[in-house]
Structures are given as structure tokens and as C-alpha cells.
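Some notes on the structure that comes next.
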Amino acid sequence: MRIASWNVNSIKVRNGHVQDWLQKHKPDFLMLQELKGMDFPEEDFRAIGYGSHYVNQKARNGVATLYKSEWHDDVKMVSDKLAGDDGDEEARYLELAFKDITLINIYLPNGNPVDTEKYPYKLKWMERLYTRVKDLRKTSQSFLIGGDFNVIPANDDCHDPQAWLGDALFRPETHAAYRKILNLGMCDAFRVNNNQAQSYTFWDYQAGAWQRNAGIRIDHFLLSPSCADMMDGCWIDKEPRALEKPSDHTPIVLDLAA
DNA sequence: ATGGCTTTATGCTAAAGA
């Protein structure tokens with residue numbers, strides 16, 4: 001089974017890229033983030049064999065999980081909200097059930113600038129995610145979280161660690177909140193069999209970041225223990241970042257046995 | 001570099017992203 005995640009930075013602009021990628025890699029599931037608008041082209045995906053669940057809002061955020069049409073009867077929507085803050089209207093969370101596995105798609109808040117309310121919102125959001133993971137870990141079910149975490153886990157995951165000190169993606173409080181989730185028994189799929197530094201999922205549009213490989217690794221799959229046991233591989237597909245009018249992120253792909 | 005691009009929603013610029 002193949003599951004991928006891709007922050008597309010506007011599904012309207014990247015619709016063609018996403019369709020091409022689906023046809024080439026034929027994932028069972030594709031989690032998308034930053035849809036950036038109310039118009040989700042579900043008919044376009046249905047026409048090439050993918051159903052979808054999504055939650056969106058005007059102009060910003062928005063997440064969708066596409067699934068192969070053959071799985072239609074096996075996919076159930078669980079929630080399009082992360083519990084813990086009834087006043088949170090941002091479209092950043094989508095939880096689906098597929099057979100005996102739970103698939104969670106997230107667009108974790110960026111949190112910059114850190115001296116505004118955005119940073120406490122990010123930390124609170126991470127605490128809410130911790131609570132959800134903790135609850136799922138009390139059960140025996142397999143689950144995974146994919147998406148744009150807006151967390152640079154370690155020095156090896158960015159081009160210039162010094163430049164990120166103090167940033168919401170790299171601050172000690174962010175690392176502590178991320179580690180707290182990992183310490184529930186979750187593992188970073190990409191790092192299971194890969195210690196290669198400078199493996200990135202995002203390159204800024206500015207300052208020739210792509211050409212200089214000045215990127216960051218912020219799109220992740222976190223696996224519950226039973227999911228980790230099923231892992232065949234996890235890899236980053238850099239190809240779409242080199243296309244015309246690319247997203248600033250590129251897909252991360254997870255292959256599971258069964 | 002004070003975001004050096006890109007996108008949205010509107011507007012003739014601002015806000016957000018990371």
C-alpha cells in the first residue's frame with residue numbers, strides 16, 4: 001500500500017501537477033495540504049480514479065485526502081476537526097478510517113512570527129495533537145499521521161541550522177512539543193532507514209533556494225508501532241519541485257506492506 | 001535582508017507562508 005503527502009500551495013494552481021503525479025505513482029492514498037480556497041476539484045480526481053474527503057476554507061489552509069476509487073466502501077470519514085478547541089475554525093485536520101488503520105492528514109500551523117498569537121496557537125495545536133495520539137495509543141489500532149508538520153526535527157534537516165534559531169519551525173519549545181508526540185511511541189518514517197542529511201521536502205521560492213539545495217525537511221509521516229512494523233520504505237520525490245510553476249513543497253511517499 | 005517569490009482575495013495593495 002502506498003500513501004503520499006504533498007503540500008500543494010493552492011490546488012487550483014497545482015491541479016494538473018497532482019493529476020500527473022497520481023497517474024505516475026498510483027498511490028492508494030494522497031494527503032494534500034494548503035488547498036487555499038473553497039473550490040476543490042473533486043470531479044477531476046474522480047475522473048482519473050480517485051475519490052476524496054476534504055475540509056477547506058476561504059483563501060488559506062485546507063486539507064484533502066484522495067483515495068483510489070476501489071477503496072470507496074472501505075474509507076470512512078472520522079473527523080475534520082482536531083479536538084481540544086471548539087473555537088478553532090482553521091481547516092488543518094482530517095482523520096479517516098481505512099479498514100483497520102487510521103489515516104490522519106495534518107497541516108500543522110506555521111507559528112511565525114513567534115512574538116504574535118500565532119506561536120502559542122501552534123504550540124496549543126501540537127498539544128491537542130499529542131492528546132489525540134495519546135488516546136489512539138491507548139487502543140491497539142494502527143494509525144499514522146502524514147502532512148506538513150512545519151517542524152524541522154534536527155540540524156541535519158535544514159541547510160543552515162544557525163539561520164533557523166528562534167524560528168517557530170525550530171525553536172526549543174517546538175522541538176519539545178514534537179518530541180513529546182514521538183515519545184508516545186511514534187516514529188519518523190523517513191528516518192527509520194535513512195540518516196542522509198540534506199534530504200528536504202521544502203525549498204523557498206526565493207533566493208535560488210531550490211538551485212542551492214537550501215531546503216528544510218518539514219513534511220513527515222509519523223507511524224504508530226504496528227504501522228512501523230509494516231513499513232517497506234519512505235522516500236521523498238523531488239521531481240515535482242523541478243516542474244514549471246511548482247509548489248514550494250514536494251511529495252513524501254510511504255510504502256507499507258499489505 | 002526588512003521574505004529577495006507565490007498565492008488569494010480583492011484592489012489598484014495587503015496578508016500569509018516558512
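Ligands are numbered from 1 in the order shown, residues from 1 within each chain, and chains are lettered A, B, ... in the order they appear in the C-alpha cells.
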Discussion item. Just want the 9 Å neighbourhood of B:DA18, counted on only C-alpha atoms (C1' of nucleotides), with same-chain residues fewer than 3 positions away dropped. Output as a VMD selection string.
Written reply: chain A and resid 110 112 150 167 to 169 202 204
- Task: May I have all residues of stretch 20-164 of chain A that DSSP, computed from the backbone, assigns to strand (DSSP E or B), given as an MDAnalysis selection string?
- Result: chainID A and resid 29:33 50:55 63:68 75:79 93:98 101:107 142:148 158
- Task: Using DSSP on the backbone coordinates, identify all residues within stretch 16-229 of chain A classified as alpha helix (DSSP H); present the result as a VMD selection string.
- Result: chain A and resid 16 to 25 42 to 46 118 to 137 161 to 164 172 to 182 225 to 228
Practice item. Could you please select, counting only C-alpha atoms (C1' of nucleotides), the residues of chain B within 7 Å of chain A and state them as a list in words? Key: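 That gives the following set of residues: DG4, DC5 and DT8 of chain B.
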Restrict the selected residues to C-alpha atoms (C1' of nucleotides) and save them as a PDB file, in the first residue's frame.
```pdb
ATOM      1  C1'  DG B   4      14.732  38.603  -2.434  1.00  0.00           C
ATOM      2  C1'  DC B   5       8.609  34.783  -4.688  1.00  0.00           C
ATOM      3  C1'  DT B   8      -5.517  34.557  -2.537  1.00  0.00           C
TER       4       DT B   8
END
```
The residue from A:His53, A:Arg191, A:Arg92, A:His175 with the smallest atom-to-atom distance to A:Gln33, counting only C-alpha atoms, is A:Arg92
Open item on the list: Report, in Å with one decimal, the straight-line distance from atom CA of A:Glu89 to atom CA of A:Asn56.
Closed with: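 Spanning atom CA of A:Glu89 to atom CA of A:Asn56 is a straight-line distance of 10.0 Å.
Closest approach to A:Gly62 among A:Lys81, A:Arg2, A:Arg137, A:Lys180 is made by A:Lys81 (distances from only C-alpha atoms).
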What's the 9 Å shell around A:Arg179, counting only C-alpha atoms (C1' of nucleotides), without same-chain residues fewer than 5 positions away, as a PyMOL selection string?
chain A and resi 153+174+184
From atom CA of A:Met1 to atom CA of A:Glu42 the spacing works out at 22.2 Å
Compile the contact shell of A:Leu66 as a PDB file with N, CA and C atoms, in the first residue's frame: residues with an atom at most 7 Å away, counting only C-alpha atoms (C1' of nucleotides), same-chain residues fewer than 6 positions apart removed.
```pdb
ATOM      1  N   PHE A  29      -3.408   6.270  -1.373  1.00  0.00           N
ATOM      2  CA  PHE A  29      -3.889   7.498  -0.733  1.00  0.00           C
ATOM      3  C   PHE A  29      -2.919   8.643  -1.013  1.00  0.00           C
ATOM      4  N   LEU A  30      -3.464   9.830  -1.182  1.00  0.00           N
ATOM      5  CA  LEU A  30      -2.625  11.028  -1.280  1.00  0.00           C
ATOM      6  C   LEU A  30      -3.226  12.105  -0.384  1.00  0.00           C
ATOM      7  N   MET A  31      -2.427  12.526   0.599  1.00  0.00           N
ATOM      8  CA  MET A  31      -2.855  13.585   1.501  1.00  0.00           C
ATOM      9  C   MET A  31      -2.335  14.920   0.957  1.00  0.00           C
ATOM     10  N   TYR A  50      -9.930   8.546  -8.501  1.00  0.00           N
ATOM     11  CA  TYR A  50      -9.723   8.872  -7.086  1.00  0.00           C
ATOM     12  C   TYR A  50     -10.927   9.563  -6.458  1.00  0.00           C
ATOM     13  N   GLY A  51     -11.350   9.045  -5.330  1.00  0.00           N
ATOM     14  CA  GLY A  51     -12.346   9.718  -4.514  1.00  0.00           C
ATOM     15  C   GLY A  51     -11.632  10.634  -3.532  1.00  0.00           C
ATOM     16  N   SER A  52     -12.393  11.422  -2.787  1.00  0.00           N
ATOM     17  CA  SER A  52     -11.730  12.347  -1.867  1.00  0.00           C
ATOM     18  C   SER A  52     -12.616  12.721  -0.689  1.00  0.00           C
ATOM     19  N   HIS A  53     -11.940  13.016   0.408  1.00  0.00           N
ATOM     20  CA  HIS A  53     -12.577  13.701   1.527  1.00  0.00           C
ATOM     21  C   HIS A  53     -11.754  14.959   1.736  1.00  0.00           C
TER      22      HIS A  53
END
```
